[in-house]
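Undergrad: Input: one structure, supplied below.
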Amino acid sequence: MYATLTTTPSVVTKPTQHRIIGRLTLALHCVVACVALSIAFILFDNTLFAWHPAFMSIGYVVFMTEGLIAAIHFRQIDGHERVKAIWSHALLQLRAVICIVIGFGVIYRNKILLGKPHFVSLHAKFGLATLILSILMPLWGLVSFRRMGIIQRFPEVWQPRIKAAHRQLGFITWLLALVTIELALPHPAVKKGWLTLAWQGGVGVIAVLLSVLSAKAVGGPKHFSGPEDALCKTV
């Protein structure tokens, strides 16, 4: 009787948990696409400066957000599927970094051409800090990925902390990027009236949705394939 009472709730809540996670993920995909693509296309006027918001919105709002979604989901699986999911996450983050570096190069060059000083505004200062972290986090991720053979060089007691720090700092980097975007949107160079308010609201919605998704997924049921998936200790 006791066994029946303790196992029944998990049977009931598991499909519900999957449904919630699935809907949150779908909502995130939709909001991410709408916000990032509208910023990139509406602000693009074929000037050098216009490439900056285009690359930054695609890099941070699309690729980095999708990379975090992938990272949240692969924490629920194990074995070979987890390895493939980690590589998918890594490729998304690589694309994000490429876009971000190009976007930074564009605005840096644009300021040189206009004779303007660098890193003066609050947006620029936040952007520089975010850029540095955005480059460091993928490198930290390589260290955390056991298949690379680097994390094993550290004491075993440190290894879970290294992985946890990568997750936490990666999330902080992404949040910092969203704050940087929020600071940029009211700037006269990109301000578009009610659209600016809509973009700021959309960025806020993305932050909330991903935070809720992370909380739901981490607290939800995990899917392990079987005893052979002692692979979890190798990824």
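Each chain in the structure tokens gets a letter, A, B and so on, in the order shown; residues start at 1 in every chain, and ligands are counted from 1 in the order they appear.
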May I have the residues within 9 Å of stretch 52-67 of chain A as a ChimeraX atom specification, using only C-alpha atoms and disregarding those fewer than 3 positions away in the same chain?
TA: /A:28-29,32-33,35-37,39-41,43-44,48-49,70-72,88-107,174,177-178,181,190,203,206,210
Undergrad: Using the selection just defined, write its residues with N, CA and C atoms as a tab-separated table (two decimals), in the first residue's frame.
TA:
```
chain	number	residue	atom	x	y	z
A	28	LEU	N	9.40	30.27	-25.74
A	28	LEU	CA	10.72	30.90	-25.82
A	28	LEU	C	11.19	31.02	-27.26
A	29	HIS	N	11.09	29.92	-28.00
A	29	HIS	CA	11.49	29.94	-29.42
A	29	HIS	C	10.76	31.06	-30.17
A	32	VAL	N	11.85	34.66	-28.86
A	32	VAL	CA	13.23	34.89	-29.30
A	32	VAL	C	13.27	35.28	-30.78
A	33	ALA	N	12.57	34.51	-31.61
A	33	ALA	CA	12.56	34.79	-33.05
A	33	ALA	C	11.95	36.16	-33.34
A	35	VAL	N	11.56	38.86	-31.34
A	35	VAL	CA	12.35	39.99	-30.82
A	35	VAL	C	13.63	40.19	-31.63
A	36	ALA	N	14.41	39.12	-31.78
A	36	ALA	CA	15.72	39.25	-32.44
A	36	ALA	C	15.59	39.64	-33.90
A	37	LEU	N	14.72	38.97	-34.63
A	37	LEU	CA	14.62	39.24	-36.07
A	37	LEU	C	14.01	40.61	-36.35
A	39	ILE	N	14.32	43.27	-34.38
A	39	ILE	CA	15.38	44.25	-34.11
A	39	ILE	C	16.36	44.30	-35.28
A	40	ALA	N	16.79	43.14	-35.72
A	40	ALA	CA	17.79	43.08	-36.79
A	40	ALA	C	17.28	43.71	-38.09
A	41	PHE	N	16.04	43.40	-38.48
A	41	PHE	CA	15.53	43.89	-39.77
A	41	PHE	C	15.04	45.33	-39.71
A	43	LEU	N	15.91	47.77	-37.64
A	43	LEU	CA	16.98	48.75	-37.41
A	43	LEU	C	18.01	48.77	-38.53
A	44	PHE	N	17.93	47.82	-39.45
A	44	PHE	CA	18.94	47.76	-40.51
A	44	PHE	C	18.65	48.79	-41.60
A	48	LEU	N	27.08	51.09	-41.67
A	48	LEU	CA	27.99	50.25	-40.89
A	48	LEU	C	27.44	50.01	-39.49
A	49	PHE	N	26.89	51.06	-38.87
A	49	PHE	CA	26.36	50.93	-37.51
A	49	PHE	C	25.25	49.89	-37.43
A	70	ALA	N	19.23	24.53	-24.90
A	70	ALA	CA	19.81	23.21	-25.14
A	70	ALA	C	20.51	22.69	-23.88
A	71	ALA	N	21.22	23.58	-23.18
A	71	ALA	CA	21.94	23.18	-21.97
A	71	ALA	C	20.96	22.75	-20.87
A	72	ILE	N	19.85	23.47	-20.76
A	72	ILE	CA	18.84	23.11	-19.76
A	72	ILE	C	18.26	21.73	-20.07
A	88	SER	N	25.76	20.11	-29.56
A	88	SER	CA	24.80	21.05	-30.14
A	88	SER	C	24.85	22.37	-29.38
A	89	HIS	N	24.88	22.29	-28.06
A	89	HIS	CA	25.00	23.48	-27.22
A	89	HIS	C	26.28	24.24	-27.55
A	90	ALA	N	27.39	23.50	-27.69
A	90	ALA	CA	28.68	24.13	-27.97
A	90	ALA	C	28.66	24.85	-29.32
A	91	LEU	N	28.04	24.23	-30.33
A	91	LEU	CA	27.97	24.86	-31.66
A	91	LEU	C	27.12	26.13	-31.65
A	92	LEU	N	26.03	26.09	-30.89
A	92	LEU	CA	25.18	27.29	-30.77
A	92	LEU	C	25.96	28.42	-30.10
A	93	GLN	N	26.72	28.08	-29.07
A	93	GLN	CA	27.50	29.11	-28.38
A	93	GLN	C	28.63	29.64	-29.26
A	94	LEU	N	29.21	28.76	-30.07
A	94	LEU	CA	30.25	29.20	-31.00
A	94	LEU	C	29.68	30.20	-32.00
A	95	ARG	N	28.50	29.89	-32.53
A	95	ARG	CA	27.85	30.82	-33.45
A	95	ARG	C	27.54	32.15	-32.76
A	96	ALA	N	27.12	32.05	-31.49
A	96	ALA	CA	26.84	33.28	-30.74
A	96	ALA	C	28.10	34.13	-30.63
A	97	VAL	N	29.22	33.51	-30.26
A	97	VAL	CA	30.47	34.25	-30.08
A	97	VAL	C	30.92	34.88	-31.40
A	98	ILE	N	30.79	34.15	-32.50
A	98	ILE	CA	31.18	34.70	-33.81
A	98	ILE	C	30.36	35.96	-34.12
A	99	CYS	N	29.03	35.87	-33.93
A	99	CYS	CA	28.17	37.04	-34.18
A	99	CYS	C	28.53	38.20	-33.25
A	100	ILE	N	28.78	37.88	-31.99
A	100	ILE	CA	29.08	38.92	-30.99
A	100	ILE	C	30.39	39.63	-31.32
A	101	VAL	N	31.40	38.86	-31.68
A	101	VAL	CA	32.70	39.45	-32.01
A	101	VAL	C	32.58	40.34	-33.25
A	102	ILE	N	31.83	39.88	-34.25
A	102	ILE	CA	31.62	40.70	-35.45
A	102	ILE	C	30.86	41.98	-35.08
A	103	GLY	N	29.81	41.83	-34.26
A	103	GLY	CA	29.05	43.00	-33.83
A	103	GLY	C	29.89	44.00	-33.06
A	104	PHE	N	30.79	43.49	-32.23
A	104	PHE	CA	31.71	44.36	-31.48
A	104	PHE	C	32.69	45.05	-32.43
A	105	GLY	N	33.22	44.29	-33.37
A	105	GLY	CA	34.16	44.86	-34.33
A	105	GLY	C	33.53	45.98	-35.15
A	106	VAL	N	32.25	45.79	-35.50
A	106	VAL	CA	31.52	46.80	-36.28
A	106	VAL	C	31.40	48.11	-35.51
A	107	ILE	N	30.95	48.03	-34.26
A	107	ILE	CA	30.74	49.27	-33.50
A	107	ILE	C	32.08	49.92	-33.14
A	174	TRP	N	24.51	35.65	-19.76
A	174	TRP	CA	23.32	35.84	-20.61
A	174	TRP	C	22.42	36.93	-20.05
A	177	ALA	N	23.88	40.21	-20.73
A	177	ALA	CA	23.66	40.57	-22.13
A	177	ALA	C	22.28	41.18	-22.32
A	178	LEU	N	21.27	40.61	-21.67
A	178	LEU	CA	19.92	41.16	-21.78
A	178	LEU	C	19.83	42.55	-21.17
A	181	ILE	N	21.31	44.93	-23.63
A	181	ILE	CA	20.36	45.20	-24.71
A	181	ILE	C	19.28	46.18	-24.25
A	190	VAL	N	18.73	54.07	-32.06
A	190	VAL	CA	17.91	52.89	-32.36
A	190	VAL	C	16.48	53.01	-31.85
A	203	VAL	N	12.33	41.37	-24.40
A	203	VAL	CA	13.57	40.92	-23.77
A	203	VAL	C	13.30	40.49	-22.32
A	206	ILE	N	11.63	37.10	-22.33
A	206	ILE	CA	12.62	36.04	-22.58
A	206	ILE	C	13.34	35.67	-21.29
A	210	LEU	N	12.92	31.89	-19.66
A	210	LEU	CA	14.08	30.99	-19.52
A	210	LEU	C	14.34	30.66	-18.06
```
Undergrad: In stretch 34-102 of chain A, what's alpha helix (DSSP H) per DSSP? Answer as a VMD selection string?
TA: chain A and resid 34 to 42 51 to 56 65 to 74 79 to 102
Undergrad: Quick one: pull the distance between atom CA of A:Val208 and atom CA of A:Leu169, Å, one decimal.
TA: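 Computing the Euclidean distance for atom CA of A:Val208 and atom CA of A:Leu169 yields 17.4 Å.
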Undergrad: Work out how far apart atom CA of A:Ser144 and atom CA of A:Ile162 are and give it in Å to one decimal.
TA: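 The value is 6.5 Å.
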Undergrad: Could you jot down the atom CA of A:Val143 to atom CA of A:Gly170 separation for me, Å, one decimal place?
TA: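 Distance between the two atoms: 13.5 Å.
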